[in-house]
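> Have a look at this one.
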Amino acid sequence: MLKIDHVFANAGEKEILKGLSLEVKPGEVHAIMGPNGAGKSTLGNLLAGMPYVEPQGGSVEYMGQDLLSLEPEERAAVGVFLAFQYPVEIPGVNNMYFLRTALNAQRKYRGEEPMDSAQFLRMVKQKIKDMNMRDDLLKRPVNVGFSGGEKKRNEVFQMGVLEPKLAILDETDSGLDIDALKIVADGVNQLRSPDRSFIIITHYQRLLDYIEPDFVHVLADGKIVKSGDKNLALELEEQGYGWLNN
Amino acid sequence: MKPEVASIQVEITMNEDSLEEKAEENKVVKDRAKQTYKEGFSTDIEAFTIPPGLDEDTIRLISSKKDEPQWLLDYRLDAFRKWQSMDTPEWAKLNIPEIDFQAISYYSSPNATNENAPKSLDEVDPKLIETYDKLGVPLHERERLAGVAVDVVFDSVSVGTTFKAELKKVGVIFSSFSEAVQDHPELVQKYLGTVVPAGDNYFAALNAAVFSDGSFVYIPKGVRCPMELSTYFRINAINTGQFERTLIIAEDGAYVSYLEGCTAPMRDENQLHAAVVELVAKDDAKIKYSTVQNWYPGDEDGKGGIYNFVTKRGNCLGKNSKISWTQVETGSAITWKYPSCILRGDNSSGEFYSVALTNNHQQADTGTKMIHLGKNTKSTVISKGISVGKSQNAYRGLVRVAKKADHARNFTQCDSLLIGKACAAHTFPYTESANMTAKLEHEATTSKISEDQLNYCLQRGITEEDAISLIVDGFCKEVFKELPMEFAVEAKALLDISLEGAIG
């Protein structure tokens, strides 16, 4: 599904990713851990095509396509979703209208019929129920006045509605209390399926108590320096990242 | 003891360069640099147009074409003399080229005959019917949106008014201004110039001298007007100015919602539009006045477009009366317009909701005046300015509380949104309070569509252009919700068109 091969990338003037490689197969959940400044968020932003990250070399193949050649909105339409670390506010635009615009833009790109408002309403009402979230989320303007936890929940809800093939969660667990963490994790677990893959960028192991990863990678200084199964996360929790310097 | 006077005069000017360079290279700019103005066609129709030039004879000619009573001619001539002694106002944040008033024709009528006869819609020239069909304003009642009566003004004359008979049943008078002069001279004489005096300002004086047509509305005591009333103004003739005059009177306990729309052909020459609108609301009366202004804005190089100098004022004469102005201004090369409320009656309230969008080389200096004279008077001002391209967009507002206006309250919020690097937004809020019990609040924000907002939308699959439209729509929401439904839809569509070519 995703094959990242020796990718180099800059954020601003600074070289952040330095020959990173990673392969993700359908249905797999990969956790990316690592110290601050290692390039974890840059990796997510690179895959989503955010303009502040510039690829400098290497290749990213996504479902047989050259991902880096696609515009950000095209990547979204082919199923790449990024749950932002800092979701932005859009005053005056309610969440439901925003999501319907997004969904129909993606459908249009894929040559599918737009979803009418009645169909859409039925669908989101069901999703919000399934994901144990409150339906006032739908009527409120996008992220405006949301608490940190609500913003992160909203990201996971949007993911549920847009049904991506590759979901990247950029420190979605940061700033969440344990209840919010459970709701977010629960939302992600519901979305796990044999044809949907996840890249979970996180600082802490505790999210992985609720979302069980197939693989755990340590990203340091722009490269994956160690990979393993979920036990690696537990080791990291115990030892910290200090050993990387030795 | 002298009352304490608090006065604030602030200028906030912003033009920040923070949209990324990348936005400049954006493909949206390259592909869609031109904005489309679908109302830009002209109608080839036989017209009676008086030669350009302005003197007392011009005014006598207009008055005689309309078969007006002597008092009205005297009113015009008095206004003309006042105008001659006045100077073009220069205080606005506008660069107004000198206007040659002798080069303009002050009267043009699509039919040489019978300007004043009340026209049946069946007699209207088919070419005009076709023009309005093309503009989406069908004149046949059966095709009209249910619940909206319309008066259509083509250059200097009203060509027809729908639903007149139905309105008459409940005592509502809705006609062209010229007809009202003939049919209800006592009402016109009683109220004309009472809210905007003939010598009020340069452009109002010019209008009082040469006004040609517009709408007249009278809602009797206790009547809630059963449908929305509207006027569609169209400039067609070349080198002609449009000087419309509208007068709306709501007696005790009456209610009316009135809408106006306006368009003009695309021409390289600038054309002048100088209108006056007067509203009078008596005890417990409510008038809701909505405008969607879409005069031709000029091309992307700033060539052509309408100069729009408008004086709109409402007098909340009675107790508990209310006047609400809502405007969506997307057109005109220059807009100079300050719909205002005089809150004379105790407990009366005034509202001003505005969206003004400028693109390319457009200039707008618009806002409101809220004059609190009565006790417990209340005013609300919500202004949303959107600047795109190389345009200049200014909010100018005055809130004045008189000595006797105990417990007056005002809330003002003006927000500016900048799209691109070459445009500017300015805010000039003035407050003057002579009463210590007044409560005045002012909030102002200036923002840009941020890269983060755009990126967020892009990541969800929304294209750059749709993202801008979505963000702007959200920004204007508080104003759009004040518009009647069908107008809100039109206003949103209009903003989308006006935003075309905006950088991403």
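Order determines the names: the first chain of the structure tokens is A, the second B, and so forth; residues in each chain are numbered 1 upward, and ligands are numbered 1 upward as they are shown.
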Got a sec: who's within 12 Å of Ala493 (chain B), counting only C-alpha atoms, leaving out chain neighbours fewer than 5 positions off, as a PyMOL selection string?
chain B and resi 37-38+292+294+328+330+469-470+472-473+480+486-488+498-500
> Any chance you could export the current selection's all heavy atoms as a tab-separated table (two decimals), in the first residue's frame?

```tsv
chain	number	residue	atom	x	y	z
B	37	TYR	N	-18.80	38.67	-14.97
B	37	TYR	CA	-19.92	39.51	-14.54
B	37	TYR	C	-21.05	39.21	-15.51
B	37	TYR	O	-21.09	39.75	-16.61
B	37	TYR	CB	-19.50	40.97	-14.58
B	37	TYR	CG	-20.56	41.93	-14.08
B	37	TYR	CD1	-20.81	42.05	-12.71
B	37	TYR	CD2	-21.30	42.70	-14.96
B	37	TYR	CE1	-21.78	42.92	-12.25
B	37	TYR	CE2	-22.27	43.58	-14.50
B	37	TYR	CZ	-22.50	43.70	-13.14
B	37	TYR	OH	-23.45	44.56	-12.68
B	38	LYS	N	-21.91	38.29	-15.10
B	38	LYS	CA	-22.88	37.78	-16.07
B	38	LYS	C	-24.00	38.77	-16.39
B	38	LYS	O	-24.71	38.61	-17.35
B	38	LYS	CB	-23.44	36.42	-15.61
B	38	LYS	CG	-24.30	36.47	-14.35
B	38	LYS	CD	-24.81	35.08	-14.03
B	38	LYS	CE	-25.42	34.93	-12.65
B	38	LYS	NZ	-26.30	35.98	-12.21
B	292	VAL	N	-28.69	43.89	-2.15
B	292	VAL	CA	-27.59	43.16	-2.76
B	292	VAL	C	-27.10	44.03	-3.90
B	292	VAL	O	-27.79	44.21	-4.90
B	292	VAL	CB	-28.01	41.76	-3.25
B	292	VAL	CG1	-26.87	41.11	-4.04
B	292	VAL	CG2	-28.35	40.86	-2.07
B	294	ASN	N	-24.78	44.88	-6.85
B	294	ASN	CA	-23.92	44.20	-7.82
B	294	ASN	C	-23.75	45.05	-9.06
B	294	ASN	O	-23.86	44.57	-10.18
B	294	ASN	CB	-24.51	42.83	-8.13
B	294	ASN	CG	-23.62	42.00	-9.06
B	294	ASN	OD1	-22.41	42.18	-9.09
B	294	ASN	ND2	-24.22	41.10	-9.82
B	328	VAL	N	-25.21	43.62	1.15
B	328	VAL	CA	-24.12	42.82	0.60
B	328	VAL	C	-23.62	43.59	-0.60
B	328	VAL	O	-24.33	43.75	-1.60
B	328	VAL	CB	-24.59	41.41	0.21
B	328	VAL	CG1	-23.44	40.64	-0.46
B	328	VAL	CG2	-25.08	40.66	1.43
B	330	THR	N	-20.98	43.93	-3.47
B	330	THR	CA	-19.87	43.29	-4.18
B	330	THR	C	-19.50	44.08	-5.43
B	330	THR	O	-18.44	43.88	-6.00
B	330	THR	CB	-20.21	41.85	-4.62
B	330	THR	OG1	-21.34	41.92	-5.50
B	330	THR	CG2	-20.54	40.98	-3.43
B	469	SER	N	-13.84	30.02	-0.72
B	469	SER	CA	-15.26	30.32	-0.70
B	469	SER	C	-15.91	29.88	0.62
B	469	SER	O	-16.71	30.60	1.22
B	469	SER	CB	-15.91	29.66	-1.92
B	469	SER	OG	-17.23	29.34	-1.69
B	470	LEU	N	-15.49	28.72	1.09
B	470	LEU	CA	-16.02	28.19	2.34
B	470	LEU	C	-15.64	29.08	3.54
B	470	LEU	O	-16.48	29.41	4.38
B	470	LEU	CB	-15.43	26.78	2.55
B	470	LEU	CG	-15.94	25.94	3.71
B	470	LEU	CD1	-17.23	25.25	3.31
B	470	LEU	CD2	-14.91	24.88	4.08
B	472	VAL	N	-14.69	32.26	3.47
B	472	VAL	CA	-15.33	33.58	3.35
B	472	VAL	C	-16.81	33.49	3.73
B	472	VAL	O	-17.34	34.35	4.43
B	472	VAL	CB	-15.16	34.14	1.91
B	472	VAL	CG1	-16.04	35.37	1.70
B	472	VAL	CG2	-13.71	34.49	1.65
B	473	ASP	N	-17.45	32.44	3.29
B	473	ASP	CA	-18.85	32.24	3.62
B	473	ASP	C	-19.05	32.17	5.15
B	473	ASP	O	-19.95	32.77	5.71
B	473	ASP	CB	-19.32	30.94	2.95
B	473	ASP	CG	-20.81	30.74	3.09
B	473	ASP	OD1	-21.55	31.73	3.09
B	473	ASP	OD2	-21.23	29.58	3.21
B	480	PHE	N	-25.24	37.11	6.55
B	480	PHE	CA	-26.11	36.36	5.64
B	480	PHE	C	-27.38	35.87	6.32
B	480	PHE	O	-28.43	35.79	5.71
B	480	PHE	CB	-25.36	35.16	5.05
B	480	PHE	CG	-24.39	35.55	3.97
B	480	PHE	CD1	-23.55	34.61	3.40
B	480	PHE	CD2	-24.32	36.85	3.51
B	480	PHE	CE1	-22.66	34.96	2.40
B	480	PHE	CE2	-23.44	37.22	2.52
B	480	PHE	CZ	-22.60	36.27	1.96
B	486	GLU	N	-34.05	33.71	-0.12
B	486	GLU	CA	-33.64	33.66	-1.52
B	486	GLU	C	-32.51	34.66	-1.80
B	486	GLU	O	-31.67	34.45	-2.65
B	486	GLU	CB	-34.82	33.89	-2.49
B	486	GLU	CG	-35.56	35.18	-2.33
B	486	GLU	CD	-36.67	35.09	-1.29
B	486	GLU	OE1	-36.61	34.26	-0.36
B	486	GLU	OE2	-37.61	35.86	-1.41
B	487	PHE	N	-32.49	35.73	-1.01
B	487	PHE	CA	-31.43	36.72	-1.15
B	487	PHE	C	-30.11	36.17	-0.60
B	487	PHE	O	-29.05	36.47	-1.13
B	487	PHE	CB	-31.81	38.00	-0.40
B	487	PHE	CG	-32.08	39.16	-1.32
B	487	PHE	CD1	-32.79	38.98	-2.49
B	487	PHE	CD2	-31.63	40.43	-1.00
B	487	PHE	CE1	-33.03	40.04	-3.34
B	487	PHE	CE2	-31.86	41.51	-1.85
B	487	PHE	CZ	-32.56	41.31	-3.01
B	488	ALA	N	-30.21	35.41	0.46
B	488	ALA	CA	-29.00	34.85	1.07
B	488	ALA	C	-28.31	33.92	0.08
B	488	ALA	O	-27.09	33.93	-0.05
B	488	ALA	CB	-29.34	34.12	2.36
B	498	SER	N	-17.49	36.90	-7.23
B	498	SER	CA	-16.60	38.04	-7.01
B	498	SER	C	-15.23	37.61	-6.49
B	498	SER	O	-14.26	38.33	-6.62
B	498	SER	CB	-17.22	39.01	-6.01
B	498	SER	OG	-18.49	39.39	-6.45
B	499	LEU	N	-15.17	36.43	-5.90
B	499	LEU	CA	-13.91	35.94	-5.37
B	499	LEU	C	-13.06	35.26	-6.43
B	499	LEU	O	-11.90	34.96	-6.20
B	499	LEU	CB	-14.17	34.92	-4.26
B	499	LEU	CG	-14.47	35.47	-2.88
B	499	LEU	CD1	-14.97	34.37	-1.99
B	499	LEU	CD2	-13.23	36.11	-2.29
B	500	GLU	N	-13.67	35.03	-7.60
B	500	GLU	CA	-12.91	34.32	-8.62
B	500	GLU	C	-11.66	35.11	-8.95
B	500	GLU	O	-11.70	36.33	-9.10
B	500	GLU	CB	-13.77	34.09	-9.87
B	500	GLU	CG	-14.65	32.89	-9.67
B	500	GLU	CD	-15.55	32.65	-10.86
B	500	GLU	OE1	-15.28	33.21	-11.93
B	500	GLU	OE2	-16.52	31.91	-10.70
```
> Enumerate as number ranges by chain the residues belonging to chain A that approach chain B to within 9 Å, with only C-alpha atoms taken into account.
A: 48-51, 71-77, 80-82, 84, 87-94, 98-99, 101-106, 109, 141, 158, 162
> Could you give me the residues within region 257-337 of chain B that DSSP places in strand (DSSP E or B), as a VMD selection string?
chain B and resid 257 to 263 270 to 281 286 to 293 305 to 316 322 to 329 334 to 337
> Please, could you write that set of residues out with N, CA and C atoms as a compact mmCIF listing (two decimals), in the first residue's frame?

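The resulting selection.txt:
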```
# COMPACT_ATOMS: atom_id res chain seq x y z
N SER B 257 -40.68 44.23 4.92
CA SER B 257 -39.34 43.80 4.56
C SER B 257 -39.14 44.15 3.09
N TYR B 258 -38.13 44.92 2.81
CA TYR B 258 -37.91 45.45 1.47
C TYR B 258 -36.52 45.05 0.98
N LEU B 259 -36.44 44.65 -0.27
CA LEU B 259 -35.15 44.20 -0.84
C LEU B 259 -34.83 44.99 -2.09
N GLU B 260 -33.58 45.26 -2.32
CA GLU B 260 -33.22 45.86 -3.60
C GLU B 260 -32.01 45.18 -4.19
N GLY B 261 -32.00 45.13 -5.51
CA GLY B 261 -30.86 44.55 -6.22
C GLY B 261 -30.51 45.48 -7.36
N CYS B 262 -29.28 45.44 -7.81
CA CYS B 262 -28.91 46.34 -8.90
C CYS B 262 -27.79 45.80 -9.76
N THR B 263 -27.89 46.02 -11.08
CA THR B 263 -26.84 45.59 -12.01
C THR B 263 -26.72 46.59 -13.16
N ASN B 270 -16.91 55.02 -16.83
CA ASN B 270 -17.54 54.96 -15.52
C ASN B 270 -18.92 55.58 -15.62
N GLN B 271 -19.85 55.06 -14.84
CA GLN B 271 -21.18 55.65 -14.81
C GLN B 271 -21.53 55.99 -13.37
N LEU B 272 -22.34 57.02 -13.23
CA LEU B 272 -22.64 57.55 -11.91
C LEU B 272 -24.01 57.08 -11.42
N HIS B 273 -24.02 56.64 -10.18
CA HIS B 273 -25.27 56.27 -9.54
C HIS B 273 -25.30 57.00 -8.21
N ALA B 274 -26.24 57.90 -8.02
CA ALA B 274 -26.32 58.65 -6.77
C ALA B 274 -27.76 58.57 -6.27
N ALA B 275 -27.98 57.72 -5.29
CA ALA B 275 -29.34 57.47 -4.85
C ALA B 275 -29.57 58.04 -3.45
N VAL B 276 -30.86 58.25 -3.15
CA VAL B 276 -31.23 58.60 -1.78
C VAL B 276 -32.37 57.68 -1.35
N VAL B 277 -32.23 57.11 -0.18
CA VAL B 277 -33.30 56.28 0.37
C VAL B 277 -33.67 56.85 1.74
N GLU B 278 -34.96 57.07 1.95
CA GLU B 278 -35.44 57.57 3.24
C GLU B 278 -36.44 56.59 3.82
N LEU B 279 -36.27 56.26 5.09
CA LEU B 279 -37.21 55.37 5.76
C LEU B 279 -37.78 56.10 6.98
N VAL B 280 -39.08 55.91 7.21
CA VAL B 280 -39.69 56.50 8.39
C VAL B 280 -40.46 55.40 9.13
N ALA B 281 -40.09 55.17 10.39
CA ALA B 281 -40.79 54.15 11.18
C ALA B 281 -41.44 54.82 12.38
N LYS B 286 -41.69 48.39 12.20
CA LYS B 286 -40.40 47.77 11.89
C LYS B 286 -40.18 47.78 10.38
N ILE B 287 -39.00 48.23 10.00
CA ILE B 287 -38.64 48.19 8.58
C ILE B 287 -37.33 47.42 8.46
N LYS B 288 -37.38 46.43 7.57
CA LYS B 288 -36.16 45.65 7.31
C LYS B 288 -35.77 45.93 5.87
N TYR B 289 -34.61 46.45 5.66
CA TYR B 289 -34.19 46.88 4.32
C TYR B 289 -32.93 46.12 3.92
N SER B 290 -33.03 45.34 2.86
CA SER B 290 -31.88 44.53 2.44
C SER B 290 -31.42 44.91 1.04
N THR B 291 -30.13 44.95 0.86
CA THR B 291 -29.58 45.32 -0.45
C THR B 291 -28.57 44.28 -0.89
N VAL B 292 -28.69 43.89 -2.15
CA VAL B 292 -27.59 43.16 -2.76
C VAL B 292 -27.10 44.03 -3.90
N GLN B 293 -25.95 44.65 -3.72
CA GLN B 293 -25.46 45.62 -4.68
C GLN B 293 -24.44 44.97 -5.58
N GLY B 305 -16.84 50.69 -14.67
CA GLY B 305 -17.48 50.42 -13.38
C GLY B 305 -18.33 51.60 -12.92
N ILE B 306 -19.21 51.30 -12.00
CA ILE B 306 -20.15 52.31 -11.51
C ILE B 306 -19.55 53.04 -10.31
N TYR B 307 -19.76 54.36 -10.29
CA TYR B 307 -19.45 55.14 -9.09
C TYR B 307 -20.74 55.19 -8.29
N ASN B 308 -20.71 54.62 -7.12
CA ASN B 308 -21.94 54.44 -6.35
C ASN B 308 -21.90 55.33 -5.10
N PHE B 309 -22.62 56.45 -5.18
CA PHE B 309 -22.64 57.39 -4.05
C PHE B 309 -24.06 57.44 -3.51
N VAL B 310 -24.25 56.83 -2.37
CA VAL B 310 -25.62 56.62 -1.93
C VAL B 310 -25.81 57.15 -0.50
N THR B 311 -26.93 57.83 -0.29
CA THR B 311 -27.28 58.28 1.05
C THR B 311 -28.53 57.52 1.49
N LYS B 312 -28.39 56.68 2.48
CA LYS B 312 -29.52 55.91 2.98
C LYS B 312 -29.67 56.20 4.45
N ARG B 313 -30.87 56.57 4.84
CA ARG B 313 -31.03 56.90 6.25
C ARG B 313 -32.45 56.54 6.69
N GLY B 314 -32.55 56.05 7.89
CA GLY B 314 -33.86 55.71 8.43
C GLY B 314 -34.12 56.52 9.69
N ASN B 315 -35.34 56.94 9.84
CA ASN B 315 -35.71 57.69 11.03
C ASN B 315 -36.61 56.83 11.90
N CYS B 316 -36.09 56.39 13.02
CA CYS B 316 -36.92 55.66 13.98
C CYS B 316 -37.65 56.72 14.80
N LYS B 322 -38.15 50.11 14.91
CA LYS B 322 -36.91 49.40 14.60
C LYS B 322 -36.61 49.48 13.11
N ILE B 323 -35.41 49.83 12.79
CA ILE B 323 -34.97 49.82 11.39
C ILE B 323 -33.71 48.98 11.30
N SER B 324 -33.73 48.07 10.33
CA SER B 324 -32.61 47.17 10.18
C SER B 324 -32.09 47.23 8.74
N TRP B 325 -30.84 47.59 8.57
CA TRP B 325 -30.22 47.60 7.24
C TRP B 325 -29.34 46.36 7.09
N THR B 326 -29.50 45.65 6.00
CA THR B 326 -28.57 44.56 5.69
C THR B 326 -28.06 44.79 4.28
N GLN B 327 -26.78 44.81 4.10
CA GLN B 327 -26.27 45.03 2.75
C GLN B 327 -25.17 44.05 2.40
N VAL B 328 -25.21 43.62 1.15
CA VAL B 328 -24.12 42.82 0.60
C VAL B 328 -23.62 43.59 -0.60
N GLU B 329 -22.44 44.14 -0.48
CA GLU B 329 -21.90 45.03 -1.50
C GLU B 329 -20.76 44.32 -2.21
N ILE B 334 -16.44 52.31 -7.24
CA ILE B 334 -16.32 53.08 -6.01
C ILE B 334 -17.64 52.99 -5.25
N THR B 335 -17.57 52.65 -3.99
CA THR B 335 -18.78 52.64 -3.17
C THR B 335 -18.59 53.62 -2.01
N TRP B 336 -19.54 54.49 -1.86
CA TRP B 336 -19.54 55.53 -0.81
C TRP B 336 -20.92 55.47 -0.22
N LYS B 337 -21.08 54.84 0.91
CA LYS B 337 -22.43 54.51 1.35
C LYS B 337 -22.48 54.22 2.84
```
> Which neighbours of Lys152 (chain A) fall inside 10 Å, counting only C-alpha atoms, when residues of the same chain fewer than 4 positions from it are skipped, and could you give them as a ChimeraX atom specification?
/A:83-87,143,146-148,156-158,169,171-176,180-181,183-184
> Need the shell around Asp66 (chain A): protein/DNA/RNA residues with any atom at most 12 Å away, counting only C-alpha atoms. Skip same-chain ones fewer than 3 positions apart. Format as a list in words?
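Using only C-alpha atoms, the neighbours found are Met1, Leu2, Lys3, Ile4, Asp5, Leu47, Gly58, Ser59, Val60, Glu61, Tyr62, Met63, Ser69, Leu70, Glu71, Glu74, Arg75 and Val78 of chain A.
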> Counting only C-alpha atoms, which residue out of A:Gly64, A:Gly19, A:Gly145, A:Pro26 sits closest to Ser193 (chain A)?
A:Pro26
> Which neighbours of Lys390 (chain B) fall inside 7 Å, counting only C-alpha atoms, when residues of the same chain fewer than 3 positions from it are skipped, and could you give them as a PyMOL selection string?
chain B and resi 359-361+422-423
> Please return, as an MDAnalysis selection string, all residues of region 25-224 of chain A that DSSP assigns to helix (DSSP H, G or I) on the basis of the backbone.
chainID A and resid 40:48 67:69 72:77 95:109 117:130 136:139 148:162 178:191 206:210
> Can you spit out the residues from that selection as a compact mmCIF listing (two decimals), in the first residue's frame, using C-alpha atoms?

```
# COMPACT_ATOMS: atom_id res chain seq x y z
CA LYS A 40 7.92 12.40 13.16
CA SER A 41 5.50 15.21 12.25
CA THR A 42 7.51 16.04 9.15
CA LEU A 43 6.89 12.50 7.94
CA GLY A 44 3.13 12.92 8.36
CA ASN A 45 3.14 16.32 6.67
CA LEU A 46 5.25 15.01 3.82
CA LEU A 47 2.81 12.19 3.12
CA ALA A 48 -0.16 14.59 3.23
CA LEU A 67 2.36 10.01 -4.08
CA LEU A 68 4.71 12.99 -4.09
CA SER A 69 3.49 14.07 -7.52
CA PRO A 72 -2.63 17.68 -1.31
CA GLU A 73 -6.35 17.60 -2.16
CA GLU A 74 -5.73 14.78 -4.64
CA ARG A 75 -3.96 12.77 -1.99
CA ALA A 76 -6.97 13.22 0.26
CA ALA A 77 -9.25 12.01 -2.52
CA ASN A 95 -18.61 20.86 11.00
CA MET A 96 -21.29 19.05 9.09
CA TYR A 97 -21.21 21.45 6.15
CA PHE A 98 -17.42 21.28 6.14
CA LEU A 99 -17.42 17.50 6.08
CA ARG A 100 -20.04 17.26 3.37
CA THR A 101 -18.05 19.69 1.22
CA ALA A 102 -14.94 17.59 1.83
CA LEU A 103 -16.62 14.28 1.17
CA ASN A 104 -18.27 15.46 -2.03
CA ALA A 105 -15.06 17.04 -3.27
CA GLN A 106 -13.34 13.69 -2.79
CA ARG A 107 -16.19 11.82 -4.46
CA LYS A 108 -16.11 14.18 -7.38
CA TYR A 109 -12.38 13.59 -7.85
CA SER A 117 -27.82 16.23 2.37
CA ALA A 118 -30.39 13.70 3.54
CA GLN A 119 -28.12 10.71 2.83
CA PHE A 120 -25.21 12.53 4.38
CA LEU A 121 -27.15 13.39 7.51
CA ARG A 122 -28.20 9.77 8.02
CA MET A 123 -24.64 8.62 7.56
CA VAL A 124 -23.03 11.08 9.98
CA LYS A 125 -25.70 10.55 12.63
CA GLN A 126 -24.97 6.84 12.56
CA LYS A 127 -21.21 7.39 12.67
CA ILE A 128 -21.38 9.79 15.56
CA LYS A 129 -23.44 7.28 17.49
CA ASP A 130 -21.11 4.41 16.67
CA ASP A 136 -23.59 18.79 18.94
CA LEU A 137 -20.19 18.29 17.33
CA LEU A 138 -21.95 18.41 13.98
CA LYS A 139 -23.54 21.80 14.40
CA GLY A 148 -8.02 20.19 23.08
CA GLY A 149 -9.73 16.85 23.54
CA GLU A 150 -12.71 17.85 21.43
CA LYS A 151 -10.45 18.92 18.59
CA LYS A 152 -8.71 15.55 18.59
CA ARG A 153 -12.02 13.71 18.79
CA ASN A 154 -13.22 15.76 15.87
CA GLU A 155 -10.20 14.67 13.84
CA VAL A 156 -11.03 11.03 14.50
CA PHE A 157 -14.67 11.66 13.69
CA GLN A 158 -13.74 13.27 10.38
CA MET A 159 -11.58 10.25 9.66
CA GLY A 160 -14.59 8.03 10.31
CA VAL A 161 -16.73 9.99 7.87
CA LEU A 162 -14.13 10.27 5.11
CA ILE A 178 -7.59 9.15 29.89
CA ASP A 179 -11.31 9.30 28.98
CA ALA A 180 -10.66 11.27 25.83
CA LEU A 181 -7.82 8.94 24.97
CA LYS A 182 -10.17 5.96 25.22
CA ILE A 183 -12.76 7.58 22.97
CA VAL A 184 -10.12 8.43 20.38
CA ALA A 185 -8.60 4.95 20.55
CA ASP A 186 -12.00 3.36 20.36
CA GLY A 187 -12.79 5.41 17.23
CA VAL A 188 -9.56 4.27 15.61
CA ASN A 189 -10.13 0.62 16.54
CA GLN A 190 -13.59 0.70 14.97
CA LEU A 191 -12.04 1.90 11.75
CA ARG A 206 0.09 4.79 26.60
CA LEU A 207 -1.94 5.23 23.38
CA LEU A 208 -0.59 1.86 22.29
CA ASP A 209 -2.24 0.28 25.32
CA TYR A 210 -5.51 0.99 23.55
```
> Quick one: residues within 10 Å of Leu94 (chain B), only C-alpha atoms, excluding same-chain residues fewer than 5 positions away - as a PDB file with C-alpha atoms, in the first residue's frame?

```pdb
ATOM      1  CA  ILE B 334     -16.316  53.081  -6.006  1.00  0.00           C
ATOM      2  CA  THR B 335     -18.777  52.641  -3.165  1.00  0.00           C
ATOM      3  CA  TRP B 336     -19.535  55.532  -0.808  1.00  0.00           C
ATOM      4  CA  GLN B 362     -12.435  48.376  -6.466  1.00  0.00           C
ATOM      5  CA  GLN B 363     -12.668  50.887  -3.628  1.00  0.00           C
ATOM      6  CA  ALA B 364     -15.282  50.883  -0.910  1.00  0.00           C
ATOM      7  CA  ASP B 365     -15.769  53.281   1.978  1.00  0.00           C
ATOM      8  CA  GLN B 392      -9.178  49.179  -0.806  1.00  0.00           C
ATOM      9  CA  ASN B 393     -11.902  48.477   1.711  1.00  0.00           C
ATOM     10  CA  ALA B 394     -12.790  50.840   4.532  1.00  0.00           C
TER      11      ALA B 394
END
```
> Skipping near chain neighbours, those fewer than 3 positions away, what residues fall within 9 Å of Tyr241 (chain A) using only C-alpha atoms, listed as a ChimeraX atom specification?
/A:34-35,236-237,244-245
> Convert the current residue selection to file output with all heavy atoms, as a compact mmCIF listing (two decimals), in the first residue's frame.

```txt
# COMPACT_ATOMS: atom_id res chain seq x y z
N GLY A 34 9.66 8.32 18.90
CA GLY A 34 10.99 8.92 18.80
C GLY A 34 11.04 10.23 19.55
O GLY A 34 10.00 10.79 19.89
N PRO A 35 12.25 10.72 19.79
CA PRO A 35 12.39 11.96 20.56
C PRO A 35 11.89 13.17 19.78
O PRO A 35 11.67 13.10 18.57
CB PRO A 35 13.91 12.05 20.79
CG PRO A 35 14.53 11.25 19.70
CD PRO A 35 13.54 10.17 19.35
N LEU A 236 10.87 1.11 25.17
CA LEU A 236 11.16 2.54 25.06
C LEU A 236 10.62 3.30 26.27
O LEU A 236 11.26 4.22 26.78
CB LEU A 236 10.53 3.12 23.80
CG LEU A 236 11.18 2.71 22.48
CD1 LEU A 236 10.32 3.13 21.31
CD2 LEU A 236 12.58 3.31 22.36
N GLU A 237 9.43 2.87 26.69
CA GLU A 237 8.81 3.52 27.83
C GLU A 237 9.71 3.38 29.06
O GLU A 237 9.86 4.32 29.84
CB GLU A 237 7.44 2.85 28.09
CG GLU A 237 6.65 3.46 29.23
CD GLU A 237 5.91 4.71 28.82
OE1 GLU A 237 6.10 5.20 27.70
OE2 GLU A 237 5.12 5.20 29.63
N LEU A 244 19.79 6.12 22.44
CA LEU A 244 20.05 6.44 21.04
C LEU A 244 21.36 7.19 20.87
O LEU A 244 22.01 7.12 19.84
CB LEU A 244 18.91 7.31 20.49
CG LEU A 244 17.60 6.58 20.24
CD1 LEU A 244 16.50 7.58 19.96
CD2 LEU A 244 17.77 5.64 19.05
N ASN A 245 21.71 7.96 21.88
CA ASN A 245 22.91 8.78 21.77
C ASN A 245 24.20 7.97 21.92
O ASN A 245 25.27 8.48 21.63
CB ASN A 245 22.87 9.89 22.82
CG ASN A 245 21.67 10.80 22.59
OD1 ASN A 245 21.30 11.05 21.45
ND2 ASN A 245 21.08 11.27 23.67
```
> Just to confirm, what's the straight-line distance from CA of Val401 (chain B) to CA of Lys319 (chain B) in Å (one decimal)?
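Distance between the two atoms: 17.0 Å.
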> From the set B:Thr231, B:Asn201, B:Ser215, B:Asn207, which residue has the shortest atom-to-atom contact distance to Phe243 (chain B), counting only C-alpha atoms?
B:Asn207
